[in-house]
file target-v9.txt (compact mmCIF, C-alpha atoms and all ligand atoms)
# COMPACT_ATOMS: atom_id res chain seq x y z
CA MET A 30 -76.00 17.08 -21.13
CA GLU A 31 -77.27 17.40 -17.59
CA ARG A 32 -80.74 16.72 -16.18
CA THR A 33 -82.40 18.85 -13.49
CA VAL A 34 -85.58 18.30 -11.50
CA VAL A 35 -87.98 21.22 -11.13
CA LEU A 36 -91.08 21.18 -8.91
CA VAL A 37 -93.76 23.82 -9.12
CA LYS A 38 -94.60 23.83 -5.42
CA PRO A 39 -98.18 23.93 -4.06
CA ASP A 40 -98.14 27.75 -3.87
CA GLY A 41 -97.18 28.00 -7.56
CA VAL A 42 -99.90 25.49 -8.48
CA GLN A 43 -102.52 27.34 -6.37
CA ARG A 44 -101.55 30.67 -7.94
CA GLY A 45 -101.82 29.45 -11.52
CA LEU A 46 -98.13 29.85 -12.34
CA ILE A 47 -97.49 26.40 -13.89
CA GLY A 48 -97.72 27.67 -17.46
CA ASP A 49 -95.52 30.73 -16.86
CA ILE A 50 -92.81 28.59 -15.31
CA ILE A 51 -92.84 25.93 -18.02
CA SER A 52 -92.82 28.64 -20.66
CA ARG A 53 -89.63 30.23 -19.28
CA PHE A 54 -87.69 26.97 -19.46
CA GLU A 55 -89.07 26.16 -22.93
CA ARG A 56 -88.10 29.61 -24.26
CA LYS A 57 -84.61 29.21 -22.80
CA GLY A 58 -84.17 26.19 -25.07
CA LEU A 59 -84.12 23.51 -22.39
CA HIS A 60 -85.33 20.04 -23.31
CA LEU A 61 -88.35 18.66 -21.40
CA ILE A 62 -87.79 14.99 -20.56
CA GLY A 63 -90.59 14.35 -18.03
CA LEU A 64 -93.68 16.13 -16.67
CA LYS A 65 -96.40 15.11 -14.22
CA MET A 66 -98.70 16.31 -11.44
CA ILE A 67 -98.19 14.40 -8.21
CA SER A 68 -99.35 14.58 -4.58
CA LEU A 69 -96.33 14.13 -2.34
CA TRP A 70 -96.40 12.03 0.84
CA ASP A 71 -94.66 12.15 4.20
CA ALA A 72 -92.06 9.38 3.68
CA LEU A 73 -91.04 10.75 0.28
CA LEU A 74 -90.59 14.24 1.74
CA ASP A 75 -88.46 12.78 4.58
CA GLU A 76 -86.05 11.56 1.90
CA TRP A 77 -86.39 14.57 -0.39
CA TYR A 78 -85.64 17.05 2.39
CA ALA A 79 -83.39 14.77 4.51
CA HIS A 80 -80.76 17.56 4.64
CA HIS A 81 -83.36 19.84 6.34
CA LYS A 82 -84.50 17.23 8.90
CA GLU A 83 -83.10 19.11 11.91
CA LYS A 84 -84.35 22.52 10.78
CA PRO A 85 -87.15 24.21 12.73
CA PHE A 86 -89.16 24.68 9.53
CA PHE A 87 -89.02 20.98 8.52
CA ALA A 88 -92.48 19.93 9.77
CA GLY A 89 -94.13 23.05 8.34
CA LEU A 90 -92.29 22.59 5.05
CA LYS A 91 -93.58 19.02 4.70
CA GLN A 92 -97.13 20.11 5.55
CA PHE A 93 -96.92 22.87 2.93
CA MET A 94 -95.56 20.46 0.29
CA MET A 95 -98.53 18.13 0.92
CA SER A 96 -101.16 20.92 0.89
CA ALA A 97 -101.82 20.55 -2.87
CA PRO A 98 -100.22 18.60 -5.72
CA VAL A 99 -96.92 19.71 -7.23
CA VAL A 100 -95.94 19.68 -10.91
CA ALA A 101 -92.70 17.75 -11.33
CA MET A 102 -90.49 18.11 -14.38
CA VAL A 103 -87.11 16.99 -15.68
CA TRP A 104 -85.27 19.45 -17.93
CA GLN A 105 -82.12 18.65 -19.87
CA GLY A 106 -79.41 20.93 -21.26
CA PRO A 107 -75.74 21.83 -20.88
CA THR A 108 -75.08 22.66 -17.19
CA SER A 109 -78.86 22.73 -16.72
CA ALA A 110 -78.70 22.73 -12.90
CA ALA A 111 -76.69 25.96 -12.75
CA VAL A 112 -78.68 27.55 -15.59
CA ILE A 113 -82.02 26.74 -13.95
CA ARG A 114 -80.91 27.81 -10.45
CA LYS A 115 -79.93 31.18 -11.94
CA MET A 116 -83.35 31.50 -13.62
CA VAL A 117 -85.08 30.53 -10.34
CA GLY A 118 -83.22 32.92 -7.98
CA PRO A 119 -82.29 32.44 -4.30
CA THR A 120 -84.37 30.61 -1.66
CA ARG A 121 -85.37 33.89 0.03
CA ALA A 122 -87.70 35.16 -2.66
CA SER A 123 -87.75 38.63 -1.09
CA GLU A 124 -84.08 38.93 -2.06
CA ALA A 125 -84.44 37.50 -5.58
CA GLU A 126 -83.61 39.75 -8.54
CA THR A 127 -86.39 40.92 -10.82
CA GLY A 128 -86.28 38.74 -13.92
CA THR A 129 -85.85 35.53 -11.94
CA ILE A 130 -88.90 33.33 -11.29
CA ARG A 131 -88.86 33.98 -7.54
CA GLY A 132 -88.00 37.65 -8.08
CA ASP A 133 -91.00 38.11 -10.35
CA PHE A 134 -93.60 35.94 -8.58
CA ALA A 135 -92.76 35.47 -4.88
CA LEU A 136 -91.98 37.28 -1.62
CA SER A 137 -91.57 34.50 0.93
CA THR A 138 -88.85 32.01 1.94
CA GLN A 139 -91.19 29.05 2.42
CA TYR A 140 -93.66 29.99 -0.32
CA ASN A 141 -90.99 30.41 -2.95
CA ILE A 142 -92.97 28.73 -5.76
CA ILE A 143 -90.40 26.39 -7.19
CA HIS A 144 -87.78 23.76 -6.38
CA ALA A 145 -84.74 23.18 -8.61
CA SER A 146 -81.98 20.58 -8.08
CA GLU A 147 -78.81 22.06 -6.61
CA THR A 148 -76.46 20.04 -8.85
CA GLY A 149 -76.62 17.43 -11.60
CA ASP A 150 -75.62 14.73 -9.09
CA ILE A 151 -78.40 15.70 -6.69
CA ALA A 152 -80.79 15.70 -9.67
CA LYS A 153 -79.95 12.02 -10.33
CA LYS A 154 -81.11 11.12 -6.81
CA GLU A 155 -84.20 13.34 -7.11
CA ILE A 156 -85.14 11.76 -10.45
CA GLU A 157 -85.01 8.31 -8.80
CA LEU A 158 -87.25 9.50 -5.97
CA MET A 159 -89.78 11.33 -8.13
CA PHE A 160 -90.01 9.49 -11.48
CA ARG A 161 -90.36 5.93 -12.69
CA PRO A 162 -88.11 5.12 -15.70
CA GLU A 163 -91.11 4.90 -18.05
CA GLU A 164 -92.10 8.47 -17.10
CA LEU A 165 -88.95 9.88 -18.72
CA PHE A 166 -88.78 10.43 -22.50
CA ASP A 167 -85.52 10.49 -24.39
CA TRP A 168 -87.08 12.16 -27.45
CA ASP A 169 -85.36 13.85 -30.35
CA LYS A 170 -85.87 17.63 -30.00
CA THR A 171 -85.26 18.71 -33.57
CA ASP A 172 -84.54 22.39 -32.86
CA LEU A 173 -81.64 21.51 -30.52
CA SER A 174 -79.22 21.93 -33.42
CA HIS A 175 -80.10 25.66 -33.34
CA ILE A 176 -79.75 25.89 -29.55
CA VAL A 177 -76.71 23.81 -28.57
CA ALA A 178 -73.57 23.43 -30.70
CA SER A 179 -72.51 19.79 -31.17
CA GLU A 180 -69.29 20.32 -29.17
CA GLU A 181 -71.38 21.56 -26.20
CA LYS A 182 -73.48 18.39 -26.00
P1 LIG U 201 -85.89 25.14 -1.41
O1 LIG U 201 -84.62 25.89 -1.26
O2 LIG U 201 -86.40 24.79 -2.74
O3 LIG U 201 -85.83 23.82 -0.53
C1 LIG U 201 -85.96 23.86 0.87
C2 LIG U 201 -87.21 24.62 1.18
O4 LIG U 201 -87.44 24.83 2.55
C3 LIG U 201 -87.06 26.06 0.64
O5 LIG U 201 -87.05 26.04 -0.75
C4 LIG U 201 -88.23 26.70 1.29
O6 LIG U 201 -89.47 26.37 0.67
C5 LIG U 201 -88.14 26.05 2.67
N1 LIG U 201 -87.37 26.88 3.59
C6 LIG U 201 -86.06 27.16 3.58
N2 LIG U 201 -85.72 27.97 4.59
C7 LIG U 201 -86.85 28.21 5.26
C8 LIG U 201 -87.17 28.97 6.39
N3 LIG U 201 -86.22 29.64 7.06
N4 LIG U 201 -88.43 29.00 6.80
C9 LIG U 201 -89.39 28.31 6.15
N5 LIG U 201 -89.15 27.55 5.05
C10 LIG U 201 -87.90 27.51 4.61

call {"tool": "encode", "arguments": {"input": "target-v9.txt", "output": "structure tokens", "more": "lines below"}}
Ligand code: CMP
result
Amino acid sequence: MERTVVLVKPDGVQRGLIGDIISRFERKGLHLIGLKMISLWDALLDEWYAHHKEKPFFAGLKQFMMSAPVVAMVWQGPTSAAVIRKMVGPTRASEAETGTIRGDFALSTQYNIIHASETGDIAKKEIELMFRPEELFDWDKTDLSHIVASEEK
């Protein structure tokens, strides 16, 4: 089982899309392990987006990510990073397929509503940056036996 971090970015929060986004992952059968609203800060975003540090959009991206709180979540499931990235669609929302979150709700590259970890390994680092251990819940989701076969766990 793999964990993935999702952020509903400030544009998604401002536009009232938190519920729609959570609902899609719940209906898919993913397991919600952590959920909180949080205002991000400059030093955290320097680490979070370290791989974009040299990009021309870096300063604007950080400003945007601090313009309102985000809703941070951890979702668990088999190959959850790849599954969630497929549900989210590509960074350039204008190119995202209808049926994906970005394809249905966004048009922009910066204002693309949602962040999702690229891989399970990157998610581990993002969980450490975004959540304290006591904010994660290893609860027994009783309908999992109807969603994931035991050999897929
Ligand atoms: P994401 O792919 O989740 O993480 C990096 C973010 O940087 C990306 O979403 C966008 O919000 C933003 N971003 C990426 N490319 C550009 C760009 N060319 N111009 C502005 N923002 C960008």

call {"tool": "closest_residue", "arguments": {"input": "target-v9.txt", "among": "A:Glu83, A:Ala88, A:Lys115, A:Leu73", "to": "Thr127 (chain A)", "atoms": "all atoms listed in the file"}}
result
A:Lys115

call {"tool": "atom_distance", "arguments": {"input": "target-v9.txt", "atom1": "CA of Glu164 (chain A)", "atom2": "CA of Ser68 (chain A)"}}
result
15.7 Å

call {"tool": "closest_residue", "arguments": {"input": "target-v9.txt", "among": "A:Leu59, A:Val117, A:Met94, A:Val112", "to": "His175 (chain A)", "atoms": "all atoms listed in the file"}}
result
A:Leu59

call {"tool": "residues_around", "arguments": {"input": "target-v9.txt", "residues": "Tyr78 (chain A)", "least_positions_apart": "5", "cutoff": "12 Å", "atoms": "only C-alpha atoms", "output": "list in words"}}
result
Trp70, Asp71, Ala72, Leu73, Glu83, Lys84, Phe86, Phe87, Ala88, Gly89, Leu90, Lys91, Met94, His144, Ser146, Ile151, Lys154, Glu155 and Leu158 of chain A

call {"tool": "closest_residue", "arguments": {"input": "target-v9.txt", "among": "A:Gly63, A:Gly118, A:Pro162, A:Gly149", "to": "ligand LIG 201 (chain U)", "atoms": "all atoms listed in the file"}}
result
A:Gly118

call {"tool": "residues_near_point", "arguments": {"input": "target-v9.txt", "point": "(-74.5, 18.0, -21.2)", "cutoff": "8 Å", "atoms": "only C-alpha atoms", "output": "list of chain:residue names"}}
result
A:Met30, A:Glu31, A:Gln105, A:Gly106, A:Pro107, A:Thr108, A:Ser109, A:Glu181, A:Lys182

call {"tool": "closest_atom_pairs", "arguments": {"input": "target-v9.txt", "of": "chain A", "to": "ligand LIG 201 (chain U)", "cutoff": "12 Å", "atoms": "all atoms listed in the file", "output": "JSON lines"}}
result
{"residue": "A:Val34", "atom": "CA", "partner": "U:LIG201", "partner_atom": "O2", "distance": 10.9}
{"residue": "A:Val35", "atom": "CA", "partner": "U:LIG201", "partner_atom": "O2", "distance": 9.3}
{"residue": "A:Leu36", "atom": "CA", "partner": "U:LIG201", "partner_atom": "O2", "distance": 8.5}
{"residue": "A:Val37", "atom": "CA", "partner": "U:LIG201", "partner_atom": "O2", "distance": 9.8}
{"residue": "A:Lys38", "atom": "CA", "partner": "U:LIG201", "partner_atom": "O6", "distance": 8.4}
{"residue": "A:Pro39", "atom": "CA", "partner": "U:LIG201", "partner_atom": "O6", "distance": 10.2}
{"residue": "A:Asp40", "atom": "CA", "partner": "U:LIG201", "partner_atom": "O6", "distance": 9.9}
{"residue": "A:Gly41", "atom": "CA", "partner": "U:LIG201", "partner_atom": "O6", "distance": 11.4}
{"residue": "A:Leu74", "atom": "CA", "partner": "U:LIG201", "partner_atom": "C1", "distance": 10.7}
{"residue": "A:Asp75", "atom": "CA", "partner": "U:LIG201", "partner_atom": "C1", "distance": 11.9}
{"residue": "A:Trp77", "atom": "CA", "partner": "U:LIG201", "partner_atom": "O3", "distance": 9.3}
{"residue": "A:Tyr78", "atom": "CA", "partner": "U:LIG201", "partner_atom": "C1", "distance": 7.0}
{"residue": "A:Ala79", "atom": "CA", "partner": "U:LIG201", "partner_atom": "C1", "distance": 10.1}
{"residue": "A:His80", "atom": "CA", "partner": "U:LIG201", "partner_atom": "C1", "distance": 9.0}
{"residue": "A:His81", "atom": "CA", "partner": "U:LIG201", "partner_atom": "C1", "distance": 7.3}
{"residue": "A:Lys82", "atom": "CA", "partner": "U:LIG201", "partner_atom": "O4", "distance": 10.3}
{"residue": "A:Glu83", "atom": "CA", "partner": "U:LIG201", "partner_atom": "N2", "distance": 11.8}
{"residue": "A:Lys84", "atom": "CA", "partner": "U:LIG201", "partner_atom": "N3", "distance": 8.2}
{"residue": "A:Pro85", "atom": "CA", "partner": "U:LIG201", "partner_atom": "N4", "distance": 7.7}
{"residue": "A:Phe86", "atom": "CA", "partner": "U:LIG201", "partner_atom": "C9", "distance": 5.0}
{"residue": "A:Phe87", "atom": "CA", "partner": "U:LIG201", "partner_atom": "O4", "distance": 7.3}
{"residue": "A:Ala88", "atom": "CA", "partner": "U:LIG201", "partner_atom": "N5", "distance": 9.6}
{"residue": "A:Gly89", "atom": "CA", "partner": "U:LIG201", "partner_atom": "C9", "distance": 7.4}
{"residue": "A:Leu90", "atom": "CA", "partner": "U:LIG201", "partner_atom": "N5", "distance": 5.9}
{"residue": "A:Lys91", "atom": "CA", "partner": "U:LIG201", "partner_atom": "O4", "distance": 8.7}
{"residue": "A:Gln92", "atom": "CA", "partner": "U:LIG201", "partner_atom": "N5", "distance": 10.9}
{"residue": "A:Phe93", "atom": "CA", "partner": "U:LIG201", "partner_atom": "O6", "distance": 8.5}
{"residue": "A:Met94", "atom": "CA", "partner": "U:LIG201", "partner_atom": "O6", "distance": 8.5}
{"residue": "A:Arg114", "atom": "CA", "partner": "U:LIG201", "partner_atom": "O2", "distance": 9.9}
{"residue": "A:Val117", "atom": "CA", "partner": "U:LIG201", "partner_atom": "O2", "distance": 9.6}
{"residue": "A:Gly118", "atom": "CA", "partner": "U:LIG201", "partner_atom": "O1", "distance": 9.8}
{"residue": "A:Pro119", "atom": "CA", "partner": "U:LIG201", "partner_atom": "O1", "distance": 7.6}
{"residue": "A:Thr120", "atom": "CA", "partner": "U:LIG201", "partner_atom": "O1", "distance": 4.7}
{"residue": "A:Arg121", "atom": "CA", "partner": "U:LIG201", "partner_atom": "N2", "distance": 7.5}
{"residue": "A:Ala122", "atom": "CA", "partner": "U:LIG201", "partner_atom": "O5", "distance": 9.3}
{"residue": "A:Arg131", "atom": "CA", "partner": "U:LIG201", "partner_atom": "O5", "distance": 10.6}
{"residue": "A:Ala135", "atom": "CA", "partner": "U:LIG201", "partner_atom": "O6", "distance": 11.2}
{"residue": "A:Leu136", "atom": "CA", "partner": "U:LIG201", "partner_atom": "O6", "distance": 11.4}
{"residue": "A:Ser137", "atom": "CA", "partner": "U:LIG201", "partner_atom": "C9", "distance": 8.4}
{"residue": "A:Thr138", "atom": "CA", "partner": "U:LIG201", "partner_atom": "C10", "distance": 5.3}
{"residue": "A:Gln139", "atom": "CA", "partner": "U:LIG201", "partner_atom": "O6", "distance": 3.6}
{"residue": "A:Tyr140", "atom": "CA", "partner": "U:LIG201", "partner_atom": "O6", "distance": 5.6}
{"residue": "A:Asn141", "atom": "CA", "partner": "U:LIG201", "partner_atom": "O6", "distance": 5.6}
{"residue": "A:Ile142", "atom": "CA", "partner": "U:LIG201", "partner_atom": "O6", "distance": 7.7}
{"residue": "A:Ile143", "atom": "CA", "partner": "U:LIG201", "partner_atom": "O2", "distance": 6.2}
{"residue": "A:His144", "atom": "CA", "partner": "U:LIG201", "partner_atom": "O2", "distance": 4.0}
{"residue": "A:Ala145", "atom": "CA", "partner": "U:LIG201", "partner_atom": "O2", "distance": 6.3}
{"residue": "A:Ser146", "atom": "CA", "partner": "U:LIG201", "partner_atom": "O2", "distance": 8.1}
{"residue": "A:Glu147", "atom": "CA", "partner": "U:LIG201", "partner_atom": "O1", "distance": 8.8}

call {"tool": "atom_distance", "arguments": {"input": "target-v9.txt", "atom1": "CA of Lys65 (chain A)", "atom2": "CA of Ala101 (chain A)"}}
result
5.4 Å

call {"tool": "atom_distance", "arguments": {"input": "target-v9.txt", "atom1": "CA of Ile130 (chain A)", "atom2": "CA of Asp167 (chain A)"}}
result
26.5 Å

call {"tool": "closest_residue", "arguments": {"input": "target-v9.txt", "among": "A:Ser174, A:Thr129, A:Ser52, A:Ser96", "to": "Ile113 (chain A)", "atoms": "all atoms listed in the file"}}
result
A:Thr129

call {"tool": "axis_aligned_box", "arguments": {"input": "target-v9.txt", "around": "region 111-115 of chain A", "padding_each_side": "4 Å", "output": "JSON"}}
result
{"center_x": -79.4, "center_y": 28.6, "center_z": -13.0, "size_x": 13.3, "size_y": 13.2, "size_z": 13.1}

call {"tool": "residues_around", "arguments": {"input": "target-v9.txt", "residues": "Arg56 (chain A)", "least_positions_apart": "5", "cutoff": "12 Å", "atoms": "all atoms listed in the file", "output": "VMD selection string"}}
result
chain A and resid 48 to 51 61 116 172 176

call {"tool": "closest_residue", "arguments": {"input": "target-v9.txt", "among": "A:Val99, A:Lys170, A:Trp104, A:Thr148", "to": "Met66 (chain A)", "atoms": "all atoms listed in the file"}}
result
A:Val99
